[in-house]
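Peer 1: Structure file structure-v2.txt, compact mmCIF, C-alpha atoms, is pasted below:
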```txt
# COMPACT_ATOMS: atom_id res chain seq x y z
CA MET A 3 18.57 13.15 6.14
CA TRP A 4 16.17 15.88 7.25
CA LYS A 5 15.31 16.18 10.94
CA CYS A 6 12.00 17.74 11.92
CA PRO A 7 12.75 20.65 14.31
CA LYS A 8 9.47 20.05 16.17
CA CYS A 9 9.38 16.33 16.88
CA GLY A 10 12.99 15.36 16.19
CA ARG A 11 12.15 12.52 13.79
CA SER A 12 14.47 12.01 10.81
CA PHE A 13 13.38 11.54 7.18
CA LYS A 14 15.16 11.08 3.87
CA LYS A 15 12.99 13.72 2.16
CA GLN A 16 13.30 17.41 3.04
CA ASN A 17 10.16 18.72 4.80
CA GLN A 18 8.57 15.26 4.66
CA ASP A 19 4.85 15.28 5.53
CA HIS A 20 4.29 13.42 8.79
CA TYR A 21 2.29 13.52 11.99
CA CYS A 22 4.36 15.70 14.28
CA GLY A 23 4.13 15.35 18.02
CA LYS A 24 2.53 12.91 20.43
CA ALA A 25 0.35 10.37 18.66
CA PRO A 26 -3.37 11.10 19.17
CA GLU A 27 -5.43 8.56 21.06
CA THR A 28 -8.70 9.06 19.15
CA ILE A 29 -9.81 10.13 15.69
CA ASP A 30 -11.40 13.22 17.23
CA GLU A 31 -8.01 14.21 18.62
CA TYR A 32 -6.34 13.50 15.29
CA ILE A 33 -8.72 15.71 13.31
CA ALA A 34 -8.65 18.50 15.91
CA ALA A 35 -4.86 18.65 15.59
CA GLN A 36 -5.01 19.23 11.82
CA PRO A 37 -5.17 22.69 10.16
CA GLU A 38 -8.65 24.15 10.41
CA GLU A 39 -9.16 24.20 6.63
CA ALA A 40 -8.41 20.47 6.45
CA GLN A 41 -10.71 19.40 9.28
CA ARG A 42 -13.87 19.69 7.21
CA TYR A 43 -12.49 17.35 4.55
CA LEU A 44 -11.22 14.85 7.09
CA ASN A 45 -14.63 14.76 8.75
CA GLN A 46 -16.25 14.13 5.36
CA VAL A 47 -13.94 11.17 4.73
CA ARG A 48 -14.58 9.89 8.23
CA GLN A 49 -18.33 10.04 7.75
CA ALA A 50 -18.14 8.31 4.38
CA ILE A 51 -16.14 5.43 5.87
CA ARG A 52 -18.35 5.18 8.96
CA SER A 53 -21.45 4.95 6.79
CA ALA A 54 -19.91 2.05 4.88
CA LEU A 55 -18.48 0.27 7.93
CA PRO A 56 -20.99 0.88 10.73
CA GLU A 57 -19.81 -2.12 12.76
CA ALA A 58 -16.10 -1.30 12.52
CA GLN A 59 -14.27 0.14 15.48
CA GLU A 60 -12.60 3.53 15.12
CA ARG A 61 -9.05 3.60 16.41
CA ILE A 62 -5.62 5.12 15.84
CA SER A 63 -3.12 2.84 14.15
CA TRP A 64 0.32 3.93 12.91
CA SER A 65 -0.60 7.42 14.20
CA MET A 66 -3.53 7.79 11.79
CA PRO A 67 -7.28 7.07 11.80
CA ALA A 68 -8.13 3.44 11.16
CA TYR A 69 -11.20 1.20 11.06
CA TRP A 70 -10.86 -2.20 12.67
CA LYS A 71 -12.96 -5.36 12.80
CA GLY A 72 -10.70 -8.25 13.66
CA HIS A 73 -8.00 -6.55 11.57
CA ASN A 74 -7.28 -3.08 10.21
CA ILE A 75 -9.64 -2.51 7.27
CA ILE A 76 -8.76 0.97 6.01
CA HIS A 77 -6.80 4.07 7.11
CA PHE A 78 -6.82 7.74 6.17
CA ALA A 79 -4.57 10.69 6.96
CA GLY A 80 -4.36 14.43 6.33
CA PHE A 81 -1.57 16.19 4.46
CA LYS A 82 -0.96 19.75 3.29
CA LYS A 83 -2.49 19.33 -0.16
CA HIS A 84 -4.30 16.02 -0.07
CA ILE A 85 -5.90 13.34 2.02
CA GLY A 86 -4.27 9.95 1.91
CA LEU A 87 -6.57 6.93 1.78
CA TYR A 88 -4.96 3.57 2.57
CA PRO A 89 -7.25 0.69 1.58
CA GLY A 90 -4.45 -1.69 0.56
CA PRO A 91 -3.15 -2.74 -2.88
CA GLU A 92 -6.04 -5.10 -3.56
CA ALA A 93 -8.59 -2.27 -3.33
CA VAL A 94 -6.48 0.03 -5.52
CA ALA A 95 -6.38 -2.73 -8.14
CA GLU A 96 -10.10 -3.43 -7.82
CA PHE A 97 -11.07 0.24 -8.34
CA ALA A 98 -8.27 1.12 -10.78
CA GLU A 99 -10.59 2.26 -13.59
CA ARG A 100 -12.44 4.70 -11.33
CA LEU A 101 -9.24 6.00 -9.77
CA LYS A 102 -7.56 7.08 -13.00
CA GLU A 103 -7.86 10.80 -12.21
CA TYR A 104 -6.17 10.36 -8.83
CA LYS A 105 -2.57 9.69 -7.96
CA THR A 106 -2.20 6.16 -6.63
CA SER A 107 0.58 3.88 -5.61
CA LYS A 108 0.47 0.34 -4.27
CA GLY A 109 -2.14 0.52 -1.53
CA THR A 110 -2.45 4.33 -1.42
CA ILE A 111 -4.82 6.87 -2.96
CA GLN A 112 -4.17 10.63 -2.87
CA LEU A 113 -7.30 12.79 -2.83
CA PRO A 114 -6.37 16.43 -3.58
CA LEU A 115 -8.00 19.12 -1.46
CA ASN A 116 -8.49 21.49 -4.41
CA LYS A 117 -11.39 19.45 -5.82
CA PRO A 118 -14.55 17.88 -4.35
CA LEU A 119 -13.89 14.63 -2.52
CA PRO A 120 -15.38 11.49 -4.18
CA LEU A 121 -17.30 10.57 -1.04
CA GLU A 122 -19.47 7.90 -2.69
CA LEU A 123 -16.39 6.23 -4.12
CA ILE A 124 -14.63 6.40 -0.74
CA ALA A 125 -17.63 4.69 0.85
CA GLU A 126 -17.66 2.00 -1.84
CA ILE A 127 -13.95 1.33 -1.38
CA ALA A 128 -14.39 1.10 2.39
CA ALA A 129 -17.33 -1.29 2.01
CA TRP A 130 -15.31 -3.44 -0.41
CA CYS A 131 -12.42 -3.54 2.07
CA GLY A 132 -14.85 -4.58 4.78
CA THR A 133 -15.87 -7.65 2.82
CA ALA A 134 -12.74 -8.44 0.78
CA GLY A 135 -10.39 -7.17 3.45
CA ASN A 136 -6.65 -6.69 3.62
CA HIS A 137 -5.48 -9.70 5.60
CA PRO A 138 -3.72 -12.92 4.62
CA LYS A 139 -6.63 -15.03 3.35
CA GLU A 140 -7.99 -12.27 1.10
CA VAL A 141 -4.57 -11.11 -0.09
CA SER A 142 -3.70 -14.67 -1.15
CA ALA A 143 -6.90 -14.81 -3.24
CA MET A 144 -6.08 -11.58 -5.10
CA LYS A 145 -5.33 -12.10 -8.79
CA PHE A 146 -1.67 -11.54 -9.59
CA SER A 147 -2.70 -10.11 -12.97
CA LYS A 148 -4.32 -7.17 -11.13
CA ILE A 149 -1.35 -6.53 -8.86
CA TYR A 150 1.31 -6.82 -11.57
CA PRO A 151 0.37 -3.56 -13.39
CA LEU A 152 0.54 -1.70 -10.07
CA LEU A 153 4.05 -2.99 -9.46
CA VAL A 154 5.09 -1.83 -12.94
CA GLN A 155 3.36 1.52 -12.46
CA LYS A 156 5.17 2.13 -9.18
CA ALA A 157 8.54 1.46 -10.80
CA GLU A 158 7.87 3.47 -13.96
CA ARG A 159 6.88 6.54 -11.93
CA LYS A 160 10.47 6.58 -10.69
CA ASN A 161 11.98 6.03 -14.14
CA ARG A 162 12.54 2.32 -13.69
CA SER A 163 11.29 -0.11 -16.31
CA LYS A 164 8.83 -2.96 -16.71
CA GLU A 165 11.77 -5.14 -17.72
CA GLU A 166 13.42 -4.43 -14.37
CA VAL A 167 10.22 -5.36 -12.52
CA ASP A 168 10.11 -8.62 -14.47
CA GLU A 169 13.75 -9.25 -13.61
CA VAL A 170 13.18 -8.98 -9.86
CA ILE A 171 10.03 -11.12 -10.04
CA CYS A 172 11.89 -13.83 -11.96
CA TRP A 173 14.86 -13.60 -9.59
CA LEU A 174 12.60 -14.11 -6.59
CA THR A 175 10.38 -16.87 -7.98
CA GLY A 176 12.40 -18.74 -10.59
CA TYR A 177 9.90 -18.05 -13.37
CA ASP A 178 11.32 -17.25 -16.78
CA GLN A 179 9.71 -14.57 -18.95
CA LYS A 180 7.36 -17.02 -20.66
CA GLY A 181 6.33 -18.55 -17.35
CA LEU A 182 5.62 -15.14 -15.85
CA ALA A 183 3.54 -14.12 -18.86
CA ARG A 184 1.61 -17.39 -18.66
CA GLN A 185 0.70 -16.80 -15.01
CA ILE A 186 -0.53 -13.29 -15.82
CA GLU A 187 -2.57 -14.59 -18.76
CA ARG A 188 -4.13 -17.34 -16.60
CA GLU A 189 -5.13 -14.73 -13.98
CA THR A 190 -3.88 -16.94 -11.18
CA ASP A 191 -4.25 -15.77 -7.62
CA TYR A 192 -1.28 -14.90 -5.42
CA GLU A 193 -1.38 -18.27 -3.64
CA THR A 194 -1.22 -20.19 -6.93
CA PHE A 195 1.41 -17.85 -8.35
CA PHE A 196 3.81 -18.57 -5.50
CA ARG A 197 2.84 -22.24 -5.10
CA GLU A 198 3.70 -22.88 -8.75
CA ALA A 199 6.88 -20.80 -8.65
CA PRO A 200 9.70 -22.99 -9.99
CA SER A 201 12.12 -22.14 -7.19
CA MET A 202 12.17 -19.34 -4.62
CA ASN A 203 15.60 -17.73 -4.63
CA PRO A 204 17.61 -18.97 -1.62
CA ASN A 205 18.87 -15.44 -1.06
CA CYS A 206 15.36 -14.14 -0.45
CA SER A 207 16.11 -14.52 3.26
CA LEU A 208 18.47 -11.57 2.83
CA ILE A 209 15.52 -9.29 2.01
CA LYS A 210 14.94 -7.16 5.08
CA GLY A 211 13.14 -3.95 5.92
CA LYS A 212 9.60 -2.72 6.45
CA ILE A 213 6.58 -2.77 4.16
CA CYS A 214 3.34 -1.25 5.49
CA GLY A 215 5.14 -0.77 8.79
CA ILE A 216 5.95 -4.47 9.21
CA ALA A 217 9.43 -5.99 8.95
CA VAL A 218 9.31 -8.58 6.16
CA GLU A 219 11.77 -10.84 7.96
CA ALA A 220 9.38 -11.03 10.94
CA ILE A 221 6.29 -12.15 8.98
CA GLU A 222 5.31 -15.63 10.16
CA ASP A 223 2.84 -16.61 7.43
CA PRO A 224 5.00 -18.15 4.62
CA LEU A 225 2.80 -16.94 1.76
CA MET A 226 2.44 -13.41 3.13
CA GLN A 227 6.19 -13.25 3.58
CA LYS A 228 6.74 -14.15 -0.08
CA ILE A 229 4.20 -11.52 -1.15
CA ARG A 230 5.91 -8.88 0.98
CA TYR A 231 9.34 -9.96 -0.30
CA LEU A 232 8.11 -9.02 -3.76
CA ASP A 233 6.64 -5.75 -2.49
CA LYS A 234 9.97 -4.90 -0.87
CA LEU A 235 12.00 -5.63 -4.01
CA VAL A 236 9.80 -3.37 -6.16
CA ASP A 237 9.91 -0.71 -3.43
CA GLU A 238 13.71 -0.80 -3.55
CA LEU A 239 13.59 -0.56 -7.33
CA ALA A 240 11.36 2.52 -7.16
CA LYS A 241 13.67 4.13 -4.63
CA GLY A 242 16.59 3.92 -7.04
CA LYS A 243 18.55 1.07 -5.51
CA PRO A 244 21.03 -0.48 -7.97
CA MET A 245 19.85 -3.75 -9.47
CA GLU A 246 22.86 -5.73 -8.24
CA LYS A 247 21.99 -4.78 -4.64
CA ILE A 248 18.30 -5.54 -5.12
CA LEU A 249 19.23 -9.00 -6.35
CA ARG A 250 21.50 -9.47 -3.34
CA ALA A 251 24.49 -10.12 -5.60
```
Before anything else, please render the file you have as structure tokens.

Peer 2:
Amino acid sequence: MWKCPKCGRSFKKQNQDHYCGKAPETIDEYIAAQPEEAQRYLNQVRQAIRSALPEAQERISWSMPAYWKGHNIIHFAGFKKHIGLYPGPEAVAEFAERLKEYKTSKGTIQLPLNKPLPLELIAEIAAWCGTAGNHPKEVSAMKFSKIYPLLVQKAERKNRSKEEVDEVICWLTGYDQKGLARQIERETDYETFFREAPSMNPNCSLIKGKICGIAVEAIEDPLMQKIRYLDKLVDELAKGKPMEKILRA
């Protein structure tokens, strides 16, 4: 573990990027606390999002700028070499073709500071999030066939395999390989995918930990909890956890 000498927080990764110090209370404060060379880019991202979401409230959530209208719609944050945009996994899937030149992971887009920011695309993503959203009803309507490649991509970036992703999905849901392939081919939504699951693994209650800052064991909505169980399993896979521990053997 690495401990930041300034704020005292501990991280697994040496020199982990993070917001150091007292959390800002406004987006103005957040941007003012960033390196001067990054402030211009952060203001550009802010303006792009504000233009797309004029009725959304600006606030700080999870120590970073967020836009809220009944729920958090989209976040962004500054780092040494990039700006992180956090529209949620559904938006990353929706705009996958146009995001090919950028590094993405489930729910996150990295915009490098050594090239012009795609401000029009940022605005489009924000507008899409404002209408499609990132809350239970919209997540449940997201097509599993669009999320599945992102799960595989996340695992393969860390030298895990598609077969391992399939294994954890089948362990959680009771689908066999043919059943999983059939659901992907049918382009069923998340709600249908889990409703038609042959049998949720009884040991899924042993899945604990945080996804998107929320403890999966504390999620009250049954469908959202199943979705986040799957997110957590693939996250553990990408982090190098042995398969027997992921499957709660």

Peer 1: Select all residues near (-15.8, 0.3, 4.2) (cut-off 10 Å, inclusive, file coordinates), counting all atoms listed in the file, and output them as a PyMOL selection string.

Peer 2: chain A and resi 50-58+69+75-76+89+124-135

Peer 1: Could you list, as a PDB file with C-alpha atoms, in the coordinates of the input, every residue within 12 Å of Pro120 (chain A), counting only C-alpha atoms and ignoring same-chain residues fewer than 4 positions away?

Peer 2:
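File written: selection-v3.pdb
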```
ATOM      1  CA  TYR A  43     -12.490  17.350   4.550  1.00  0.00           C
ATOM      2  CA  GLN A  46     -16.250  14.130   5.360  1.00  0.00           C
ATOM      3  CA  VAL A  47     -13.940  11.170   4.730  1.00  0.00           C
ATOM      4  CA  ALA A  50     -18.140   8.310   4.380  1.00  0.00           C
ATOM      5  CA  ILE A  51     -16.140   5.430   5.870  1.00  0.00           C
ATOM      6  CA  ILE A  85      -5.900  13.340   2.020  1.00  0.00           C
ATOM      7  CA  LEU A  87      -6.570   6.930   1.780  1.00  0.00           C
ATOM      8  CA  ARG A 100     -12.440   4.700 -11.330  1.00  0.00           C
ATOM      9  CA  LEU A 101      -9.240   6.000  -9.770  1.00  0.00           C
ATOM     10  CA  GLU A 103      -7.860  10.800 -12.210  1.00  0.00           C
ATOM     11  CA  TYR A 104      -6.170  10.360  -8.830  1.00  0.00           C
ATOM     12  CA  ILE A 111      -4.820   6.870  -2.960  1.00  0.00           C
ATOM     13  CA  GLN A 112      -4.170  10.630  -2.870  1.00  0.00           C
ATOM     14  CA  LEU A 113      -7.300  12.790  -2.830  1.00  0.00           C
ATOM     15  CA  PRO A 114      -6.370  16.430  -3.580  1.00  0.00           C
ATOM     16  CA  LEU A 115      -8.000  19.120  -1.460  1.00  0.00           C
ATOM     17  CA  ILE A 124     -14.630   6.400  -0.740  1.00  0.00           C
ATOM     18  CA  ALA A 125     -17.630   4.690   0.850  1.00  0.00           C
ATOM     19  CA  GLU A 126     -17.660   2.000  -1.840  1.00  0.00           C
ATOM     20  CA  ILE A 127     -13.950   1.330  -1.380  1.00  0.00           C
TER      21      ILE A 127
END
```

Peer 1: Identify the residues around (-4.0, 6.2, 14.5) within a radius of 10 Å, measuring from all atoms listed in the file in the coordinates stated by the file, and give them as a list in words.

Peer 2: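 Output of the proximity query reads Tyr21, Ala25, Pro26, Glu27, Thr28, Ile29, Glu31, Tyr32, Glu60, Arg61, Ile62, Ser63, Trp64, Ser65, Met66, Pro67, Ala68, Tyr69, His77, Phe78 and Ala79 of chain A.
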
Peer 1: Do you have the CA of Leu225 (chain A)-CA of Glu99 (chain A) distance handy?

Peer 2: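 Computing it gives 28.0 Å between the two atoms.
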
Peer 1: Which one of A:Gln59, A:Asn161, A:Gln36, A:Ser201 sits closest to Lys243 (chain A) if you count only C-alpha atoms?

Peer 2: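 Going through A:Gln59, A:Asn161, A:Gln36, A:Ser201 one by one, the smallest distance to Lys243 (chain A) is for A:Asn161.
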
Peer 1: Which of these residues is nearest to Thr194 (chain A), using all atoms listed in the file: A:Phe146, A:Trp4, A:Tyr88, A:Phe97?

Peer 2: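 Checking each candidate against Thr194 (chain A), we get A:Phe146 as the closest.
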
Peer 1: Give me the residues within 12 Å of Ala98 (chain A) as a PDB file with C-alpha atoms, in the coordinates of the input, counting only C-alpha atoms and dropping any in the same chain fewer than 4 places off.

Peer 2:
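File produced: part.pdb:
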```pdb
ATOM      1  CA  PRO A  91      -3.150  -2.740  -2.880  1.00  0.00           C
ATOM      2  CA  GLU A  92      -6.040  -5.100  -3.560  1.00  0.00           C
ATOM      3  CA  ALA A  93      -8.590  -2.270  -3.330  1.00  0.00           C
ATOM      4  CA  VAL A  94      -6.480   0.030  -5.520  1.00  0.00           C
ATOM      5  CA  LYS A 102      -7.560   7.080 -13.000  1.00  0.00           C
ATOM      6  CA  GLU A 103      -7.860  10.800 -12.210  1.00  0.00           C
ATOM      7  CA  TYR A 104      -6.170  10.360  -8.830  1.00  0.00           C
ATOM      8  CA  LYS A 105      -2.570   9.690  -7.960  1.00  0.00           C
ATOM      9  CA  THR A 106      -2.200   6.160  -6.630  1.00  0.00           C
ATOM     10  CA  SER A 107       0.580   3.880  -5.610  1.00  0.00           C
ATOM     11  CA  LYS A 108       0.470   0.340  -4.270  1.00  0.00           C
ATOM     12  CA  GLY A 109      -2.140   0.520  -1.530  1.00  0.00           C
ATOM     13  CA  THR A 110      -2.450   4.330  -1.420  1.00  0.00           C
ATOM     14  CA  ILE A 111      -4.820   6.870  -2.960  1.00  0.00           C
ATOM     15  CA  LEU A 123     -16.390   6.230  -4.120  1.00  0.00           C
ATOM     16  CA  ILE A 127     -13.950   1.330  -1.380  1.00  0.00           C
ATOM     17  CA  LYS A 148      -4.320  -7.170 -11.130  1.00  0.00           C
ATOM     18  CA  ILE A 149      -1.350  -6.530  -8.860  1.00  0.00           C
ATOM     19  CA  PRO A 151       0.370  -3.560 -13.390  1.00  0.00           C
ATOM     20  CA  LEU A 152       0.540  -1.700 -10.070  1.00  0.00           C
ATOM     21  CA  GLN A 155       3.360   1.520 -12.460  1.00  0.00           C
TER      22      GLN A 155
END
```

Peer 1: Can you measure CA of Tyr231 (chain A) to CA of Gly211 (chain A) for me? One decimal in Å is fine.

Peer 2: 9.4 Å
